[in-house]
file coords-v6.csv (CSV, N, CA and C atoms and all ligand atoms)
chain,number,residue,atom,x,y,z
A,1,MET,N,0.8,-1.2,0.0
A,1,MET,CA,0.0,0.0,0.0
A,1,MET,C,0.9,1.3,0.0
A,2,ALA,N,0.5,2.2,-0.8
A,2,ALA,CA,1.3,3.4,-0.9
A,2,ALA,C,1.0,4.4,0.2
A,3,HIS,N,1.9,5.4,0.2
A,3,HIS,CA,1.7,6.6,1.1
A,3,HIS,C,0.4,7.3,0.8
A,4,ILE,N,-0.1,8.1,1.7
A,4,ILE,CA,-1.3,8.9,1.5
A,4,ILE,C,-0.7,10.2,0.8
A,5,VAL,N,-1.5,10.6,-0.2
A,5,VAL,CA,-1.1,11.9,-0.9
A,5,VAL,C,-2.3,12.8,-0.7
A,6,TRP,N,-2.1,14.0,-0.1
A,6,TRP,CA,-3.2,14.9,0.0
A,6,TRP,C,-3.5,15.5,-1.3
A,7,ASP,N,-4.8,15.6,-1.6
A,7,ASP,CA,-5.2,16.3,-2.8
A,7,ASP,C,-6.5,17.1,-2.5
A,8,GLU,N,-6.9,17.9,-3.5
A,8,GLU,CA,-8.0,18.8,-3.3
A,8,GLU,C,-9.3,18.1,-2.8
A,9,LYS,N,-9.4,16.9,-3.2
A,9,LYS,CA,-10.6,16.1,-2.7
A,9,LYS,C,-10.7,16.0,-1.2
A,10,MET,N,-9.5,16.1,-0.6
A,10,MET,CA,-9.4,16.0,0.9
A,10,MET,C,-9.6,17.3,1.6
A,11,SER,N,-9.8,18.4,0.8
A,11,SER,CA,-9.9,19.7,1.4
A,11,SER,C,-11.2,19.8,2.3
A,12,VAL,N,-11.0,20.4,3.5
A,12,VAL,CA,-12.2,20.6,4.4
A,12,VAL,C,-12.7,22.1,4.3
A,13,GLN,N,-12.1,22.8,3.3
A,13,GLN,CA,-12.5,24.2,3.1
A,13,GLN,C,-12.1,25.2,4.2
A,14,VAL,N,-11.2,24.7,5.1
A,14,VAL,CA,-10.7,25.6,6.1
A,14,VAL,C,-9.2,25.5,6.0
A,15,GLY,N,-8.6,26.6,5.6
A,15,GLY,CA,-7.1,26.6,5.3
A,15,GLY,C,-6.2,26.1,6.4
A,16,LEU,N,-6.4,26.5,7.6
A,16,LEU,CA,-5.5,26.0,8.7
A,16,LEU,C,-5.7,24.5,8.9
A,17,MET,N,-6.9,24.0,8.8
A,17,MET,CA,-7.1,22.6,9.0
A,17,MET,C,-6.5,21.8,7.8
A,18,ASP,N,-6.6,22.3,6.6
A,18,ASP,CA,-6.0,21.6,5.5
A,18,ASP,C,-4.4,21.6,5.7
A,19,THR,N,-3.9,22.7,6.2
A,19,THR,CA,-2.4,22.7,6.4
A,19,THR,C,-2.0,21.7,7.4
A,20,GLN,N,-2.9,21.6,8.5
A,20,GLN,CA,-2.6,20.6,9.6
A,20,GLN,C,-2.8,19.2,9.1
A,21,HIS,N,-3.8,19.0,8.2
A,21,HIS,CA,-4.0,17.6,7.7
A,21,HIS,C,-2.8,17.2,6.8
A,22,LYS,N,-2.2,18.1,6.1
A,22,LYS,CA,-1.1,17.8,5.3
A,22,LYS,C,0.1,17.3,6.1
A,23,LYS,N,0.3,18.0,7.2
A,23,LYS,CA,1.4,17.7,8.2
A,23,LYS,C,1.1,16.3,8.8
A,24,LEU,N,-0.2,16.1,9.2
A,24,LEU,CA,-0.6,14.9,9.8
A,24,LEU,C,-0.3,13.7,8.9
A,25,ILE,N,-0.7,13.9,7.6
A,25,ILE,CA,-0.4,12.9,6.6
A,25,ILE,C,1.1,12.6,6.5
A,26,GLU,N,1.9,13.6,6.6
A,26,GLU,CA,3.3,13.5,6.6
A,26,GLU,C,3.8,12.6,7.8
A,27,VAL,N,3.4,12.9,9.0
A,27,VAL,CA,3.8,12.1,10.1
A,27,VAL,C,3.4,10.6,10.1
A,28,ILE,N,2.2,10.4,9.5
A,28,ILE,CA,1.7,9.1,9.4
A,28,ILE,C,2.4,8.3,8.3
A,29,ASN,N,2.7,9.0,7.2
A,29,ASN,CA,3.6,8.5,6.2
A,29,ASN,C,5.0,8.1,6.7
A,30,ASP,N,5.5,9.0,7.5
A,30,ASP,CA,6.8,8.7,8.1
A,30,ASP,C,6.8,7.4,9.0
A,31,PHE,N,5.7,7.3,9.7
A,31,PHE,CA,5.5,6.1,10.5
A,31,PHE,C,5.4,4.8,9.6
A,32,TYR,N,4.7,5.0,8.6
A,32,TYR,CA,4.5,3.9,7.6
A,32,TYR,C,5.9,3.5,7.0
A,33,SER,N,6.7,4.5,6.6
A,33,SER,CA,8.0,4.3,6.1
A,33,SER,C,8.9,3.6,7.0
A,34,SER,N,8.8,3.9,8.3
A,34,SER,CA,9.7,3.4,9.3
A,34,SER,C,9.4,1.9,9.5
A,35,MET,N,8.3,1.4,9.0
A,35,MET,CA,7.9,0.0,9.1
A,35,MET,C,8.9,-0.8,8.2
A,36,GLY,N,9.2,-0.3,7.1
A,36,GLY,CA,10.0,-1.0,6.1
A,36,GLY,C,11.5,-0.9,6.4
A,37,SER,N,11.9,-0.1,7.4
A,37,SER,CA,13.4,0.0,7.6
A,37,SER,C,13.7,-0.8,8.9
A,38,ASN,N,15.0,-1.1,9.1
A,38,ASN,CA,15.3,-1.9,10.3
A,38,ASN,C,15.7,-0.9,11.4
A,39,ASN,N,14.8,0.0,11.7
A,39,ASN,CA,15.0,0.9,12.8
A,39,ASN,C,15.1,0.2,14.2
A,40,SER,N,15.8,0.8,15.1
A,40,SER,CA,15.9,0.3,16.4
A,40,SER,C,14.5,0.6,17.1
A,41,LYS,N,14.3,-0.1,18.2
A,41,LYS,CA,13.0,0.1,18.9
A,41,LYS,C,12.9,1.5,19.4
A,42,GLU,N,14.1,2.1,19.8
A,42,GLU,CA,14.1,3.5,20.3
A,42,GLU,C,13.7,4.4,19.2
A,43,LYS,N,14.2,4.2,18.0
A,43,LYS,CA,13.9,5.1,16.8
A,43,LYS,C,12.4,5.0,16.5
A,44,THR,N,11.9,3.7,16.5
A,44,THR,CA,10.5,3.5,16.2
A,44,THR,C,9.6,4.2,17.2
A,45,LEU,N,10.0,4.2,18.5
A,45,LEU,CA,9.2,4.8,19.5
A,45,LEU,C,9.2,6.4,19.3
A,46,GLU,N,10.3,6.9,18.8
A,46,GLU,CA,10.4,8.3,18.5
A,46,GLU,C,9.4,8.7,17.4
A,47,VAL,N,9.4,7.8,16.4
A,47,VAL,CA,8.5,8.1,15.2
A,47,VAL,C,7.0,8.0,15.7
A,48,ILE,N,6.7,7.0,16.6
A,48,ILE,CA,5.4,6.9,17.2
A,48,ILE,C,5.0,8.2,18.0
A,49,LYS,N,6.0,8.6,18.7
A,49,LYS,CA,5.8,9.8,19.6
A,49,LYS,C,5.5,11.1,18.7
A,50,ALA,N,6.3,11.2,17.7
A,50,ALA,CA,6.1,12.4,16.8
A,50,ALA,C,4.7,12.3,16.2
A,51,MET,N,4.2,11.1,15.8
A,51,MET,CA,2.9,11.0,15.2
A,51,MET,C,1.8,11.3,16.2
A,52,LYS,N,2.0,10.8,17.4
A,52,LYS,CA,1.1,11.0,18.5
A,52,LYS,C,1.0,12.4,18.9
A,53,ASP,N,2.1,13.1,19.1
A,53,ASP,CA,2.1,14.5,19.4
A,53,ASP,C,1.4,15.4,18.4
A,54,TYR,N,1.7,15.1,17.1
A,54,TYR,CA,1.1,16.0,16.2
A,54,TYR,C,-0.4,15.7,16.1
A,55,THR,N,-0.8,14.4,16.2
A,55,THR,CA,-2.2,14.1,16.2
A,55,THR,C,-3.0,14.8,17.3
A,56,PHE,N,-2.4,14.8,18.5
A,56,PHE,CA,-3.0,15.4,19.7
A,56,PHE,C,-3.2,16.9,19.4
A,57,PHE,N,-2.1,17.5,18.9
A,57,PHE,CA,-2.1,18.9,18.6
A,57,PHE,C,-3.2,19.3,17.6
A,58,HIS,N,-3.3,18.5,16.5
A,58,HIS,CA,-4.3,18.8,15.5
A,58,HIS,C,-5.7,18.6,16.1
A,59,PHE,N,-6.0,17.5,16.8
A,59,PHE,CA,-7.3,17.2,17.3
A,59,PHE,C,-7.7,18.3,18.2
A,60,ASN,N,-6.8,18.8,19.0
A,60,ASN,CA,-7.1,19.9,20.0
A,60,ASN,C,-7.5,21.2,19.2
A,61,ALA,N,-6.7,21.5,18.2
A,61,ALA,CA,-7.0,22.7,17.4
A,61,ALA,C,-8.3,22.6,16.7
A,62,GLU,N,-8.6,21.4,16.2
A,62,GLU,CA,-9.9,21.2,15.5
A,62,GLU,C,-11.1,21.2,16.4
A,63,GLU,N,-10.9,20.6,17.6
A,63,GLU,CA,-12.0,20.6,18.6
A,63,GLU,C,-12.3,22.0,19.1
A,64,LYS,N,-11.2,22.8,19.3
A,64,LYS,CA,-11.4,24.2,19.7
A,64,LYS,C,-12.2,25.0,18.7
A,65,LEU,N,-11.8,24.8,17.5
A,65,LEU,CA,-12.5,25.5,16.4
A,65,LEU,C,-14.0,25.2,16.3
A,66,MET,N,-14.3,23.9,16.5
A,66,MET,CA,-15.6,23.4,16.4
A,66,MET,C,-16.4,24.0,17.6
A,67,GLN,N,-15.8,23.9,18.8
A,67,GLN,CA,-16.4,24.3,20.0
A,67,GLN,C,-16.7,25.8,20.0
A,68,GLN,N,-15.7,26.6,19.6
A,68,GLN,CA,-15.9,28.0,19.6
A,68,GLN,C,-17.0,28.4,18.6
A,69,ASN,N,-17.3,27.6,17.7
A,69,ASN,CA,-18.3,28.0,16.7
A,69,ASN,C,-19.6,27.2,16.9
A,70,ALA,N,-19.8,26.6,18.1
A,70,ALA,CA,-21.0,25.8,18.5
A,70,ALA,C,-21.4,24.8,17.4
A,71,TYR,N,-20.4,24.1,16.9
A,71,TYR,CA,-20.6,23.1,15.8
A,71,TYR,C,-21.5,22.0,16.4
A,72,PRO,N,-22.7,21.7,15.8
A,72,PRO,CA,-23.6,20.8,16.4
A,72,PRO,C,-23.1,19.4,16.6
A,73,ASP,N,-22.2,18.9,15.7
A,73,ASP,CA,-21.7,17.5,15.9
A,73,ASP,C,-20.4,17.4,16.7
A,74,PHE,N,-20.1,18.5,17.4
A,74,PHE,CA,-18.9,18.5,18.2
A,74,PHE,C,-18.6,17.3,19.1
A,75,GLU,N,-19.6,16.9,19.9
A,75,GLU,CA,-19.4,15.8,20.8
A,75,GLU,C,-19.1,14.5,20.1
A,76,LYS,N,-19.8,14.3,19.1
A,76,LYS,CA,-19.7,13.0,18.3
A,76,LYS,C,-18.3,13.0,17.6
A,77,HIS,N,-17.9,14.1,17.1
A,77,HIS,CA,-16.6,14.3,16.4
A,77,HIS,C,-15.5,14.0,17.4
A,78,LYS,N,-15.6,14.7,18.6
A,78,LYS,CA,-14.6,14.5,19.6
A,78,LYS,C,-14.4,13.1,20.1
A,79,LYS,N,-15.5,12.3,20.1
A,79,LYS,CA,-15.5,10.9,20.5
A,79,LYS,C,-14.7,10.1,19.5
A,80,GLU,N,-14.8,10.5,18.2
A,80,GLU,CA,-14.1,9.8,17.2
A,80,GLU,C,-12.6,10.0,17.4
A,81,HIS,N,-12.2,11.3,17.7
A,81,HIS,CA,-10.8,11.6,18.0
A,81,HIS,C,-10.3,10.8,19.2
A,82,GLN,N,-11.1,10.7,20.2
A,82,GLN,CA,-10.7,10.0,21.4
A,82,GLN,C,-10.5,8.5,21.2
A,83,ALA,N,-11.4,8.0,20.4
A,83,ALA,CA,-11.2,6.5,20.1
A,83,ALA,C,-9.9,6.3,19.3
A,84,PHE,N,-9.5,7.2,18.5
A,84,PHE,CA,-8.3,7.0,17.7
A,84,PHE,C,-7.1,7.2,18.7
A,85,ILE,N,-7.1,8.2,19.6
A,85,ILE,CA,-6.1,8.4,20.5
A,85,ILE,C,-5.9,7.2,21.4
A,86,ASP,N,-7.0,6.6,21.9
A,86,ASP,CA,-6.9,5.4,22.7
A,86,ASP,C,-6.2,4.3,21.9
A,87,LYS,N,-6.6,4.1,20.7
A,87,LYS,CA,-6.0,3.1,19.8
A,87,LYS,C,-4.5,3.2,19.7
A,88,VAL,N,-4.1,4.5,19.4
A,88,VAL,CA,-2.7,4.8,19.2
A,88,VAL,C,-1.9,4.5,20.5
A,89,HIS,N,-2.5,5.0,21.6
A,89,HIS,CA,-1.9,4.8,22.9
A,89,HIS,C,-1.7,3.3,23.3
A,90,ASP,N,-2.8,2.6,23.0
A,90,ASP,CA,-2.7,1.1,23.3
A,90,ASP,C,-1.6,0.5,22.4
A,91,MET,N,-1.6,0.9,21.2
A,91,MET,CA,-0.6,0.3,20.3
A,91,MET,C,0.9,0.6,20.8
A,92,GLU,N,1.0,1.9,21.2
A,92,GLU,CA,2.4,2.3,21.7
A,92,GLU,C,2.7,1.4,23.0
A,93,GLU,N,1.8,1.3,23.9
A,93,GLU,CA,2.1,0.5,25.1
A,93,GLU,C,2.4,-0.9,24.8
A,94,ARG,N,1.6,-1.5,23.9
A,94,ARG,CA,1.8,-2.9,23.6
A,94,ARG,C,3.2,-3.1,22.8
A,95,TYR,N,3.5,-2.1,22.0
A,95,TYR,CA,4.8,-2.2,21.3
A,95,TYR,C,6.0,-2.1,22.4
A,96,LYS,N,5.8,-1.1,23.3
A,96,LYS,CA,6.9,-0.9,24.3
A,96,LYS,C,7.1,-2.2,25.1
A,97,SER,N,6.0,-2.9,25.5
A,97,SER,CA,6.2,-4.0,26.3
A,97,SER,C,6.5,-5.3,25.6
A,98,GLY,N,6.6,-5.2,24.3
A,98,GLY,CA,7.0,-6.3,23.5
A,98,GLY,C,5.8,-7.2,23.1
A,99,LYS,N,4.6,-6.7,23.4
A,99,LYS,CA,3.4,-7.6,23.1
A,99,LYS,C,2.9,-7.3,21.7
A,100,LEU,N,3.4,-6.4,21.0
A,100,LEU,CA,2.9,-6.1,19.7
A,100,LEU,C,4.1,-5.9,18.7
A,101,ILE,N,4.0,-6.6,17.6
A,101,ILE,CA,5.0,-6.4,16.5
A,101,ILE,C,4.4,-5.5,15.5
A,102,LEU,N,5.0,-4.4,15.3
A,102,LEU,CA,4.5,-3.4,14.3
A,102,LEU,C,4.5,-4.0,12.9
A,103,THR,N,3.4,-4.1,12.3
A,103,THR,CA,3.3,-4.7,11.0
A,103,THR,C,2.7,-3.6,10.0
A,104,LEU,N,2.7,-4.0,8.8
A,104,LEU,CA,2.1,-3.1,7.8
A,104,LEU,C,0.6,-3.0,8.1
A,105,GLU,N,0.0,-4.0,8.7
A,105,GLU,CA,-1.4,-3.9,9.0
A,105,GLU,C,-1.7,-2.8,10.0
A,106,VAL,N,-0.8,-2.7,11.0
A,106,VAL,CA,-0.9,-1.6,12.0
A,106,VAL,C,-0.9,-0.2,11.3
A,107,ALA,N,0.2,-0.1,10.5
A,107,ALA,CA,0.3,1.2,9.8
A,107,ALA,C,-0.8,1.5,8.8
A,108,SER,N,-1.3,0.4,8.2
A,108,SER,CA,-2.4,0.6,7.2
A,108,SER,C,-3.7,1.0,7.9
A,109,PHE,N,-3.9,0.5,9.1
A,109,PHE,CA,-5.0,0.8,9.9
A,109,PHE,C,-5.0,2.3,10.2
A,110,LEU,N,-3.9,2.9,10.5
A,110,LEU,CA,-3.8,4.3,10.8
A,110,LEU,C,-4.0,5.2,9.6
A,111,LYS,N,-3.4,4.7,8.5
A,111,LYS,CA,-3.6,5.4,7.2
A,111,LYS,C,-5.1,5.4,6.8
A,112,THR,N,-5.7,4.3,6.9
A,112,THR,CA,-7.1,4.2,6.5
A,112,THR,C,-8.0,5.0,7.4
A,113,TRP,N,-7.7,4.9,8.7
A,113,TRP,CA,-8.5,5.7,9.6
A,113,TRP,C,-8.4,7.2,9.3
A,114,LEU,N,-7.2,7.7,9.1
A,114,LEU,CA,-7.0,9.1,8.9
A,114,LEU,C,-7.7,9.5,7.6
A,115,THR,N,-7.5,8.8,6.6
A,115,THR,CA,-8.1,9.2,5.3
A,115,THR,C,-9.6,9.2,5.4
A,116,ASN,N,-10.2,8.1,6.0
A,116,ASN,CA,-11.7,8.1,6.1
A,116,ASN,C,-12.2,9.2,7.0
A,117,HIS,N,-11.4,9.5,8.1
A,117,HIS,CA,-11.9,10.5,9.0
A,117,HIS,C,-11.9,11.9,8.3
A,118,ILE,N,-10.9,12.2,7.6
A,118,ILE,CA,-10.8,13.5,6.9
A,118,ILE,C,-12.0,13.6,5.9
A,119,MET,N,-12.1,12.5,5.1
A,119,MET,CA,-13.1,12.5,4.0
A,119,MET,C,-14.5,12.5,4.5
A,120,GLN,N,-14.8,11.7,5.6
A,120,GLN,CA,-16.2,11.5,6.0
A,120,GLN,C,-16.6,12.3,7.2
A,121,VAL,N,-15.7,12.6,8.1
A,121,VAL,CA,-16.1,13.3,9.3
A,121,VAL,C,-15.7,14.8,9.3
A,122,ASP,N,-14.4,15.0,9.0
A,122,ASP,CA,-13.9,16.4,9.0
A,122,ASP,C,-14.6,17.3,8.0
A,123,LYS,N,-14.7,16.7,6.8
A,123,LYS,CA,-15.3,17.5,5.7
A,123,LYS,C,-16.7,18.0,6.0
A,124,LYS,N,-17.4,17.4,6.9
A,124,LYS,CA,-18.7,17.9,7.2
A,124,LYS,C,-18.8,19.3,7.9
A,125,TYR,N,-17.6,19.7,8.5
A,125,TYR,CA,-17.7,21.0,9.2
A,125,TYR,C,-17.4,22.1,8.2
A,126,GLY,N,-16.9,21.8,7.0
A,126,GLY,CA,-16.6,22.9,6.0
A,126,GLY,C,-17.6,23.9,5.8
A,127,ASP,N,-18.8,23.5,5.3
A,127,ASP,CA,-19.9,24.4,5.0
A,127,ASP,C,-20.3,25.2,6.2
A,128,TYR,N,-20.4,24.5,7.3
A,128,TYR,CA,-20.8,25.2,8.6
A,128,TYR,C,-19.9,26.3,9.0
A,129,LEU,N,-18.6,26.0,9.0
A,129,LEU,CA,-17.6,27.0,9.4
A,129,LEU,C,-17.5,28.1,8.3
A,130,ASN,N,-17.6,27.7,7.1
A,130,ASN,CA,-17.5,28.8,6.0
A,130,ASN,C,-18.7,29.8,6.2
A,131,ALA,N,-19.8,29.3,6.6
A,131,ALA,CA,-21.0,30.1,6.7
A,131,ALA,C,-20.8,31.1,7.9
A,132,ARG,N,-19.8,30.8,8.8
A,132,ARG,CA,-19.5,31.7,9.9
A,132,ARG,C,-18.2,32.4,9.6
A,133,GLY,N,-17.9,32.5,8.4
A,133,GLY,CA,-16.7,33.3,8.0
A,133,GLY,C,-15.4,32.7,8.2
A,134,ILE,N,-15.3,31.4,8.5
A,134,ILE,CA,-14.0,30.8,8.6
A,134,ILE,C,-13.6,30.0,7.4
A,135,ARG,N,-12.5,30.3,6.9
A,135,ARG,CA,-12.0,29.7,5.6
A,135,ARG,C,-10.6,29.2,5.7
A,201,FE,FE,-11.5,15.5,13.1
A,202,FE,FE,-8.9,16.7,11.2
call {"tool": "encode", "arguments": {"input": "coords-v6.csv", "output": "structure tokens", "more": "lines below"}}
Ligand SMILES: [Fe+2]
Ligand SMILES: [Fe+2]
result
Amino acid sequence: MAHIVWDEKMSVQVGLMDTQHKKLIEVINDFYSSMGSNNSKEKTLEVIKAMKDYTFFHFNAEEKLMQQNAYPDFEKHKKEHQAFIDKVHDMEERYKSGKLILTLEVASFLKTWLTNHIMQVDKKYGDYLNARGIR
């Protein structure tokens, strides 16, 4: 499976969120690339941490934007973010303790989740925020 490539079809019509999604795609692609290399456990944990940190940063920024604008689906959207955070956290812990071998399936899950989330969940706030002057 190839790397994710951001294109206009993934645009959520809010510039800052598109910029953050591009960066998020980059860190997930880095994680995916690190699967195919014989990185040390330490290096792999660094890549996981970078991915986790940026994901938290983005989810927070996005949630703040939705909340500030009284976005009706805020709670539901936040729950989806939380479920992903829990998954990544669980994956990290299991990898640290040697209970999980990072495979392409693990990386594919993250890539698929992110692509679907942007395309199906994030995109929904575009029109709503645009109508409130946010672009
Ligand atoms: Fe989101
Ligand atoms: Fe997002």
call {"tool": "residues_near_ligand", "arguments": {"input": "coords-v6.csv", "ligand": "ligand FE 201 (chain A)", "cutoff": "7 Å", "atoms": "only N, CA and C atoms and all ligand atoms", "output": "ChimeraX atom specification"}}
result
/A:59,62-63,77-78,81,117-118,121-122
call {"tool": "write_last_selection", "arguments": {"input": "coords-v6.csv", "atoms": "N, CA and C atoms", "output": "short mmCIF file (atom, residue, chain, number, x, y, z; two decimals), in the frame of the given file"}}
result
data_model
loop_
_atom_site.label_atom_id
_atom_site.label_comp_id
_atom_site.auth_asym_id
_atom_site.auth_seq_id
_atom_site.Cartn_x
_atom_site.Cartn_y
_atom_site.Cartn_z
N PHE A 59 -6.00 17.50 16.80
CA PHE A 59 -7.30 17.20 17.30
C PHE A 59 -7.70 18.30 18.20
N GLU A 62 -8.60 21.40 16.20
CA GLU A 62 -9.90 21.20 15.50
C GLU A 62 -11.10 21.20 16.40
N GLU A 63 -10.90 20.60 17.60
CA GLU A 63 -12.00 20.60 18.60
C GLU A 63 -12.30 22.00 19.10
N HIS A 77 -17.90 14.10 17.10
CA HIS A 77 -16.60 14.30 16.40
C HIS A 77 -15.50 14.00 17.40
N LYS A 78 -15.60 14.70 18.60
CA LYS A 78 -14.60 14.50 19.60
C LYS A 78 -14.40 13.10 20.10
N HIS A 81 -12.20 11.30 17.70
CA HIS A 81 -10.80 11.60 18.00
C HIS A 81 -10.30 10.80 19.20
N HIS A 117 -11.40 9.50 8.10
CA HIS A 117 -11.90 10.50 9.00
C HIS A 117 -11.90 11.90 8.30
N ILE A 118 -10.90 12.20 7.60
CA ILE A 118 -10.80 13.50 6.90
C ILE A 118 -12.00 13.60 5.90
N VAL A 121 -15.70 12.60 8.10
CA VAL A 121 -16.10 13.30 9.30
C VAL A 121 -15.70 14.80 9.30
N ASP A 122 -14.40 15.00 9.00
CA ASP A 122 -13.90 16.40 9.00
C ASP A 122 -14.60 17.30 8.00
#
call {"tool": "closest_residue", "arguments": {"input": "coords-v6.csv", "among": "A:Lys49, A:Lys87, A:His58, A:Lys23", "to": "ligand FE 202 (chain A)", "atoms": "all atoms listed in the file"}}
result
A:His58
call {"tool": "atom_distance", "arguments": {"input": "coords-v6.csv", "atom1": "atom CA of A:Lys64", "atom2": "atom CA of A:Ile28"}}
result
22.5 Å
call {"tool": "closest_residue", "arguments": {"input": "coords-v6.csv", "among": "A:Glu75, A:Gly98, A:Lys123, A:Phe31", "to": "ligand FE 202 (chain A)", "atoms": "only N, CA and C atoms and all ligand atoms"}}
result
A:Lys123
call {"tool": "atom_distance", "arguments": {"input": "coords-v6.csv", "atom1": "atom CA of A:Ser11", "atom2": "atom C of A:Tyr128"}}
result
14.2 Å
call {"tool": "atom_distance", "arguments": {"input": "coords-v6.csv", "atom1": "atom CA of A:Gln13", "atom2": "atom CA of A:Asp53"}}
result
23.9 Å
call {"tool": "closest_residue", "arguments": {"input": "coords-v6.csv", "among": "A:Glu46, A:Asp86, A:Asp18, A:Asp30", "to": "ligand FE 202 (chain A)", "atoms": "only N, CA and C atoms and all ligand atoms"}}
result
A:Asp18
call {"tool": "closest_residue", "arguments": {"input": "coords-v6.csv", "among": "A:Lys111, A:Lys79, A:Arg94, A:Lys99", "to": "A:Asn29", "atoms": "all atoms listed in the file"}}
result
A:Lys111
call {"tool": "select_by_dssp", "arguments": {"input": "coords-v6.csv", "residues": "stretch 23-127 of chain A", "states": "helix (DSSP H, G or I)", "output": "number ranges by chain"}}
result
A: 23-35, 41-68, 74-96, 104-127
call {"tool": "residues_near_point", "arguments": {"input": "coords-v6.csv", "point": "(-16.5, 24.5, 16.0)", "cutoff": "12 Å", "atoms": "only C-alpha atoms", "output": "VMD selection string"}}
result
chain A and resid 14 17 59 to 75 77 to 78 122 124 to 134
call {"tool": "write_last_selection", "arguments": {"input": "coords-v6.csv", "atoms": "N, CA and C atoms", "output": "compact mmCIF listing (two decimals), keeping the file's coordinate frame"}}
result
# COMPACT_ATOMS: atom_id res chain seq x y z
N VAL A 14 -11.20 24.70 5.10
CA VAL A 14 -10.70 25.60 6.10
C VAL A 14 -9.20 25.50 6.00
N MET A 17 -6.90 24.00 8.80
CA MET A 17 -7.10 22.60 9.00
C MET A 17 -6.50 21.80 7.80
N PHE A 59 -6.00 17.50 16.80
CA PHE A 59 -7.30 17.20 17.30
C PHE A 59 -7.70 18.30 18.20
N ASN A 60 -6.80 18.80 19.00
CA ASN A 60 -7.10 19.90 20.00
C ASN A 60 -7.50 21.20 19.20
N ALA A 61 -6.70 21.50 18.20
CA ALA A 61 -7.00 22.70 17.40
C ALA A 61 -8.30 22.60 16.70
N GLU A 62 -8.60 21.40 16.20
CA GLU A 62 -9.90 21.20 15.50
C GLU A 62 -11.10 21.20 16.40
N GLU A 63 -10.90 20.60 17.60
CA GLU A 63 -12.00 20.60 18.60
C GLU A 63 -12.30 22.00 19.10
N LYS A 64 -11.20 22.80 19.30
CA LYS A 64 -11.40 24.20 19.70
C LYS A 64 -12.20 25.00 18.70
N LEU A 65 -11.80 24.80 17.50
CA LEU A 65 -12.50 25.50 16.40
C LEU A 65 -14.00 25.20 16.30
N MET A 66 -14.30 23.90 16.50
CA MET A 66 -15.60 23.40 16.40
C MET A 66 -16.40 24.00 17.60
N GLN A 67 -15.80 23.90 18.80
CA GLN A 67 -16.40 24.30 20.00
C GLN A 67 -16.70 25.80 20.00
N GLN A 68 -15.70 26.60 19.60
CA GLN A 68 -15.90 28.00 19.60
C GLN A 68 -17.00 28.40 18.60
N ASN A 69 -17.30 27.60 17.70
CA ASN A 69 -18.30 28.00 16.70
C ASN A 69 -19.60 27.20 16.90
N ALA A 70 -19.80 26.60 18.10
CA ALA A 70 -21.00 25.80 18.50
C ALA A 70 -21.40 24.80 17.40
N TYR A 71 -20.40 24.10 16.90
CA TYR A 71 -20.60 23.10 15.80
C TYR A 71 -21.50 22.00 16.40
N PRO A 72 -22.70 21.70 15.80
CA PRO A 72 -23.60 20.80 16.40
C PRO A 72 -23.10 19.40 16.60
N ASP A 73 -22.20 18.90 15.70
CA ASP A 73 -21.70 17.50 15.90
C ASP A 73 -20.40 17.40 16.70
N PHE A 74 -20.10 18.50 17.40
CA PHE A 74 -18.90 18.50 18.20
C PHE A 74 -18.60 17.30 19.10
N GLU A 75 -19.60 16.90 19.90
CA GLU A 75 -19.40 15.80 20.80
C GLU A 75 -19.10 14.50 20.10
N HIS A 77 -17.90 14.10 17.10
CA HIS A 77 -16.60 14.30 16.40
C HIS A 77 -15.50 14.00 17.40
N LYS A 78 -15.60 14.70 18.60
CA LYS A 78 -14.60 14.50 19.60
C LYS A 78 -14.40 13.10 20.10
N ASP A 122 -14.40 15.00 9.00
CA ASP A 122 -13.90 16.40 9.00
C ASP A 122 -14.60 17.30 8.00
N LYS A 124 -17.40 17.40 6.90
CA LYS A 124 -18.70 17.90 7.20
C LYS A 124 -18.80 19.30 7.90
N TYR A 125 -17.60 19.70 8.50
CA TYR A 125 -17.70 21.00 9.20
C TYR A 125 -17.40 22.10 8.20
N GLY A 126 -16.90 21.80 7.00
CA GLY A 126 -16.60 22.90 6.00
C GLY A 126 -17.60 23.90 5.80
N ASP A 127 -18.80 23.50 5.30
CA ASP A 127 -19.90 24.40 5.00
C ASP A 127 -20.30 25.20 6.20
N TYR A 128 -20.40 24.50 7.30
CA TYR A 128 -20.80 25.20 8.60
C TYR A 128 -19.90 26.30 9.00
N LEU A 129 -18.60 26.00 9.00
CA LEU A 129 -17.60 27.00 9.40
C LEU A 129 -17.50 28.10 8.30
N ASN A 130 -17.60 27.70 7.10
CA ASN A 130 -17.50 28.80 6.00
C ASN A 130 -18.70 29.80 6.20
N ALA A 131 -19.80 29.30 6.60
CA ALA A 131 -21.00 30.10 6.70
C ALA A 131 -20.80 31.10 7.90
N ARG A 132 -19.80 30.80 8.80
CA ARG A 132 -19.50 31.70 9.90
C ARG A 132 -18.20 32.40 9.60
N GLY A 133 -17.90 32.50 8.40
CA GLY A 133 -16.70 33.30 8.00
C GLY A 133 -15.40 32.70 8.20
N ILE A 134 -15.30 31.40 8.50
CA ILE A 134 -14.00 30.80 8.60
C ILE A 134 -13.60 30.00 7.40
call {"tool": "closest_residue", "arguments": {"input": "coords-v6.csv", "among": "A:Lys43, A:Thr55, A:Val5, A:Glu92", "to": "ligand FE 202 (chain A)", "atoms": "only C-alpha atoms and all ligand atoms"}}
result
A:Thr55
call {"tool": "residues_around", "arguments": {"input": "coords-v6.csv", "residues": "A:Met51", "least_positions_apart": "6", "cutoff": "8 Å", "atoms": "all atoms listed in the file", "output": "list in words"}}
result
Leu24, Glu26, Val27, Ile28, Phe31, Leu45 and Phe57 of chain A
call {"tool": "closest_residue", "arguments": {"input": "coords-v6.csv", "among": "A:Ile25, A:Met119, A:Ile48, A:Val106", "to": "A:Trp6", "atoms": "only C-alpha atoms"}}
result
A:Ile25
call {"tool": "residues_around", "arguments": {"input": "coords-v6.csv", "residues": "A:Leu110", "least_positions_apart": "2", "cutoff": "10 Å", "atoms": "only C-alpha atoms", "output": "ChimeraX atom specification"}}
result
/A:28-29,31-32,84,87-88,104-108,112-116
